[in-house]
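Heads up, run_18.cif below (mmCIF, C-alpha atoms):
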data_upload
#
loop_
_atom_site.label_atom_id
_atom_site.label_comp_id
_atom_site.auth_asym_id
_atom_site.auth_seq_id
_atom_site.Cartn_x
_atom_site.Cartn_y
_atom_site.Cartn_z
CA MET C 1 9.93 58.03 -11.86
CA ASN C 2 6.65 59.78 -12.50
CA GLY C 3 3.25 59.04 -11.04
CA ASN C 4 2.20 56.99 -14.07
CA GLU C 5 5.15 54.64 -13.60
CA VAL C 6 4.23 54.15 -9.96
CA ASP C 7 0.62 53.44 -10.88
CA GLY C 8 1.80 50.99 -13.54
CA ASP C 9 3.94 49.14 -10.99
CA MET C 10 1.06 48.90 -8.58
CA ASP C 11 -1.35 47.83 -11.33
CA GLU C 12 1.04 45.02 -12.24
CA PHE C 13 1.21 44.05 -8.58
CA ARG C 14 -2.58 44.06 -8.32
CA ASP C 15 -2.89 42.07 -11.55
CA ASP C 16 -0.82 39.33 -9.97
CA GLU C 17 -3.12 38.85 -7.00
CA GLU C 18 -4.18 35.55 -8.54
CA GLY C 19 -0.54 34.43 -8.45
CA LEU C 20 -0.33 35.46 -4.81
CA ALA C 21 -3.49 33.47 -4.09
CA GLU C 22 -1.89 30.39 -5.67
CA VAL C 23 1.21 30.79 -3.50
CA VAL C 24 -0.93 31.15 -0.39
CA ARG C 25 -3.01 28.08 -1.34
CA ALA C 26 0.19 26.10 -1.91
CA LEU C 27 1.21 26.97 1.65
CA GLY C 28 -2.08 25.48 2.86
CA TYR C 29 -3.93 28.68 3.72
CA ASP C 30 -7.69 28.27 3.89
CA GLU C 31 -9.29 31.00 1.79
CA ASN C 32 -12.58 30.58 3.60
CA ARG C 33 -11.13 31.49 6.98
CA GLU C 34 -10.82 35.10 7.99
CA PRO C 35 -7.32 36.02 9.13
CA PRO C 36 -7.03 38.01 12.35
CA ALA C 37 -8.03 41.63 11.75
CA HIS C 38 -4.75 42.99 13.12
CA ARG C 39 -2.74 40.90 10.62
CA VAL C 40 -4.86 42.14 7.72
CA ALA C 41 -4.23 45.70 8.93
CA ASP C 42 -0.47 44.98 9.13
CA VAL C 43 -0.36 43.70 5.55
CA ARG C 44 -2.37 46.66 4.28
CA ALA C 45 -0.13 49.10 6.17
CA GLU C 46 2.97 47.49 4.63
CA ALA C 47 1.45 47.72 1.15
CA GLU C 48 0.67 51.42 1.71
CA ARG C 49 4.19 52.02 2.99
CA MET C 50 5.62 50.37 -0.14
CA ARG C 51 3.33 52.46 -2.33
CA ALA C 52 4.44 55.65 -0.57
CA ASP C 53 8.11 54.64 -0.96
CA LEU C 54 7.59 54.08 -4.66
CA GLY C 55 6.00 57.52 -4.96
CA ARG C 56 8.92 59.21 -3.17
CA ALA C 57 11.70 57.25 -4.85
CA GLY C 58 13.97 59.32 -7.03
CA PRO C 59 16.23 57.93 -9.76
CA GLY C 60 18.89 56.91 -7.23
CA ARG C 61 16.42 55.15 -4.96
CA ARG C 62 14.34 53.36 -7.54
CA PHE C 63 13.77 49.70 -6.93
CA GLY C 64 15.65 47.37 -9.29
CA SER C 65 12.62 46.38 -11.35
CA ARG C 66 8.91 45.87 -11.31
CA ARG C 67 9.55 42.21 -10.71
CA THR C 68 11.51 43.09 -7.56
CA VAL C 69 8.54 45.06 -6.27
CA LEU C 70 6.17 42.24 -7.16
CA VAL C 71 8.27 39.50 -5.56
CA GLY C 72 8.96 41.66 -2.52
CA GLY C 73 5.27 42.44 -2.12
CA ILE C 74 4.31 38.80 -2.43
CA ALA C 75 7.01 37.79 0.04
CA ALA C 76 5.88 40.43 2.53
CA ALA C 77 2.24 39.42 2.25
CA VAL C 78 2.91 35.70 2.45
CA GLY C 79 5.35 36.21 5.33
CA ALA C 80 2.83 38.28 7.23
CA LEU C 81 0.11 35.71 6.69
CA ALA C 82 2.33 32.74 7.47
CA GLY C 83 3.83 34.37 10.55
CA ALA C 84 0.37 35.43 11.54
CA GLY C 85 -0.88 32.40 12.59
CA ALA C 86 -0.09 28.82 12.28
CA ARG C 87 -3.54 28.47 13.75
CA GLN C 88 -5.01 30.11 10.69
CA LEU C 89 -3.43 27.65 8.29
CA ALA C 90 -5.81 25.00 7.08
CA LEU C 91 -3.93 21.90 8.08
CA PRO C 92 -5.60 18.59 7.36
CA GLU C 93 -7.75 17.26 10.15
CA GLU C 94 -5.84 14.76 12.24
CA THR C 95 -6.72 11.32 10.99
CA VAL C 96 -8.12 9.00 13.65
CA VAL C 97 -6.42 5.66 13.24
CA PRO C 98 -8.55 2.70 14.31
CA THR C 99 -6.94 0.59 17.02
CA GLU C 100 -7.71 -2.89 18.31
CA ASP C 101 -7.71 -3.29 22.10
CA LEU C 102 -5.49 -6.08 23.37
CA ALA C 103 -6.38 -8.08 26.51
CA LEU C 104 -3.12 -8.47 28.39
CA THR C 105 -2.78 -11.51 30.64
CA GLY C 106 -0.09 -12.32 33.18
CA VAL C 107 0.38 -8.65 34.13
CA PRO C 108 2.51 -8.66 37.31
CA ALA C 109 0.88 -7.44 40.52
CA GLY C 110 1.16 -3.68 40.93
CA VAL C 111 1.92 -3.11 37.24
CA LEU C 112 -0.40 -0.94 35.15
CA ALA C 113 -0.48 -1.90 31.48
CA ASP C 114 -2.65 -1.14 28.47
CA ALA C 115 -2.05 -2.32 24.92
CA ARG C 116 -3.56 -1.62 21.53
CA LEU C 117 -2.73 -2.69 18.02
CA ILE C 118 -2.83 -0.90 14.67
CA ASN C 119 -3.33 -3.01 11.56
CA HIS C 120 -1.19 -1.27 8.92
CA THR C 121 -0.89 -2.27 5.28
CA TRP C 122 2.87 -2.66 5.82
CA GLY C 123 2.80 -4.57 9.11
CA THR C 124 1.60 -4.41 12.69
CA GLU C 125 2.10 -1.67 15.27
CA VAL C 126 1.71 -2.25 19.00
CA LEU C 127 0.94 0.65 21.34
CA LEU C 128 1.93 -0.20 24.91
CA ASP C 129 1.46 2.03 27.95
CA VAL C 130 3.07 0.48 31.01
CA ARG C 131 4.09 1.61 34.49
CA ASP C 132 5.85 0.06 37.49
CA LEU C 133 7.61 -2.86 35.83
CA PRO C 134 10.67 -3.84 37.87
CA ALA C 135 13.42 -1.36 37.04
CA PRO C 136 15.95 -0.77 35.71
CA ARG C 137 15.52 -3.63 33.27
CA VAL C 138 15.19 -3.99 29.53
CA TYR C 139 12.02 -5.51 28.12
CA ARG C 140 11.38 -6.72 24.61
CA VAL C 141 8.14 -6.82 22.62
CA ALA C 142 7.71 -9.60 20.09
CA LEU C 143 4.96 -10.75 17.74
CA GLU C 144 4.36 -14.48 17.59
CA GLN C 145 2.94 -15.47 14.24
CA VAL C 146 0.34 -18.17 13.68
CA ASP C 147 3.13 -20.43 12.42
CA GLY C 148 4.97 -20.07 15.77
CA VAL C 149 7.76 -17.80 14.47
CA ARG C 150 8.59 -14.84 16.74
CA VAL C 151 9.50 -11.48 15.28
CA ASP C 152 11.02 -8.73 17.44
CA ALA C 153 9.12 -5.46 17.37
CA GLY C 154 11.38 -3.45 19.69
CA SER C 155 12.49 -2.97 23.26
CA PHE C 156 12.32 -0.47 26.12
CA ARG C 157 13.98 0.20 29.45
CA SER C 158 11.73 0.41 32.48
CA VAL C 159 11.94 3.58 34.54
CA PRO C 160 10.68 3.69 38.13
CA GLU C 161 7.39 5.53 38.70
CA VAL C 162 7.11 6.66 35.07
CA LEU C 163 4.31 5.83 32.65
CA MET C 164 6.13 4.59 29.57
CA VAL C 165 4.20 5.27 26.35
CA CYS C 166 5.76 3.00 23.73
CA ARG C 167 5.19 2.15 20.07
CA PHE C 168 6.56 -0.99 18.45
CA ASN C 169 6.51 -2.00 14.79
CA ALA C 170 7.15 -5.21 12.94
CA ALA C 171 6.57 -6.51 9.43
CA PRO C 172 4.09 -9.37 10.04
CA LEU C 173 0.58 -8.49 8.96
CA ARG C 174 -2.18 -8.51 11.57
CA ALA C 175 -3.77 -11.60 10.00
CA ASP C 176 -0.53 -13.51 10.61
CA VAL C 177 -0.07 -12.45 14.25
CA ALA C 178 -1.35 -14.78 16.97
CA THR C 179 0.18 -13.24 20.11
CA VAL C 180 1.87 -10.09 21.34
CA LEU C 181 4.52 -10.89 23.95
CA VAL C 182 6.38 -8.76 26.47
CA LEU C 183 9.59 -10.52 27.53
CA ASP C 184 12.18 -9.60 30.13
CA ASP C 185 15.94 -9.50 29.65
CA THR C 186 16.16 -13.27 30.27
CA ASP C 187 13.54 -13.92 27.56
CA ALA C 188 11.00 -14.94 30.19
CA GLU C 189 7.42 -14.00 29.37
CA VAL C 190 6.16 -11.10 31.49
CA MET C 191 2.74 -10.63 29.90
CA ARG C 192 0.96 -11.47 26.68
CA ALA C 193 -2.09 -10.75 24.57
CA ASP C 194 -3.58 -13.54 22.49
CA LEU C 195 -5.26 -12.12 19.37
CA PRO C 196 -8.47 -13.42 17.90
CA ALA C 197 -8.16 -14.63 14.33
CA ALA C 198 -8.38 -11.75 11.90
#
Rewrite the coordinates I just gave you, this time as structure tokens.
Amino acid sequence: MNGNEVDGDMDEFRDDEEGLAEVVRALGYDENREPPAHRVADVRAEAERMRADLGRAGPGRRFGSRRTVLVGGIAAAVGALAGAGARQLALPEETVVPTEDLALTGVPAGVLADARLINHTWGTEVLLDVRDLPAPRVYRVALEQVDGVRVDAGSFRSVPEVLMVCRFNAAPLRADVATVLVLDDTDAEVMRADLPAA
């Protein structure tokens, strides 16, 4: 391989920088953010090492094809950038989901409980944080619809001295839910939240 062939390989690699940029964008990299300087230096050093290897390669050591060099270079660059920093990837901002506070009544003495509701397009989600319910017992969360029908949303086992952070889902839409109920393993009501009409 002569010097012109090496330069041609590198020119082809440089010509495909747009393709590399598309790969990086597809991985979610934010082009407007500056990667850490040490990672940029690592990628550049690897590119120089590859260039030097190409220059020294004799007929027996020649890489399989220009495409191999291109793909290998892209893989090295993308790998270096991806491994560099999950923090540098432009992940979408976490969406803040609006919740509706629920006023729990009947909360047993000594029990800490907080409940919120998320009105989804596919149903209703109840977020329940509770601590110090009598344990070990199983409790069930149900949604009582405006027509009086109860729909189970899930269950949990109480654990002594542990704040239980629970999420329950059921199909009824928020507009059809009148009450959120927490029931014990005998189906007795432990606490409830009556919802205002949606």
**OP:** Grab the atom CA of C:Trp122 to atom CA of C:Ala103 distance for me, in Å with one decimal place.
**Re:** 23.3 Å
Subject >> Chain and number of each residue from the PyMOL selection byres ((chain C and resi 125) around 9), as JSON, numbers by chain >> reply: {"C": [116, 117, 118, 119, 120, 123, 124, 126, 127, 153, 167, 168, 169, 170, 171, 174]}
**OP:** May I ask which of the residues C:Leu133, C:Ala47, C:Cys166, C:Val149 is the closest one to C:Thr179, counting only C-alpha atoms?
**Re:** C:Val149
**OP:** List every protein, DNA or RNA residue with an atom no more than 9 Å from (2.1, -5.1, 39.0) in the file's coordinates, counting all atoms listed in the file, and format the result as a list in words.
**Re:**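 Every residue inside that radius is included here: Val107, Pro108, Ala109, Gly110, Val111, Leu112, Ala113, Arg131, Asp132, Leu133 and Pro134 of chain C.
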Subject >> Of the listed residues C:Leu195, C:Ala45, C:Leu102, C:Ala188, that which approaches C:Arg140 most closely, counting only C-alpha atoms >> reply: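 Selected residue with least distance to C:Arg140: C:Ala188.
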Original post:
Quick one: residues within 8 Å of C:Asp184, all atoms listed in the file counted, chain neighbours fewer than 2 positions away excluded, as a list of chain:residue names?
Top reply: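 The neighbour list is C:Arg137, C:Val138, C:Tyr139, C:Arg140, C:Val182, C:Thr186, C:Asp187, C:Ala188, C:Glu189, C:Val190.
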**OP:** Point out the residue among C:Glu100, C:Glu48, C:Asp194, C:Ala178 with the least atom-to-atom distance to C:Gln145, counting all atoms listed in the file.
**Re:**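 Nearest to C:Gln145: C:Ala178.
Nearest to C:Phe156 of all the residues C:Ala142, C:Leu104, C:Ala198, C:Leu173 is C:Ala142, based on all atoms listed in the file.
For the set C:Gly154, C:Pro136, C:Pro172, C:Gly148, the residue with the smallest atom-to-atom gap to C:Thr121 is C:Pro172, counting all atoms listed in the file.
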Original post:
To one decimal place, how far is atom CA of C:Val162 from atom CA of C:Ala115 in Å?
Top reply: 16.4 Å
Original post:
Closest to C:Ser158 among C:Val130, C:Asp114, C:Thr99, C:Ala175, using only C-alpha atoms?
Top reply: C:Val130
Original post:
Separation of atom CA of C:Arg192 and atom CA of C:Gly106, in Å?
Top reply: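 Separation between atom CA of C:Arg192 and atom CA of C:Gly106: 6.6 Å.
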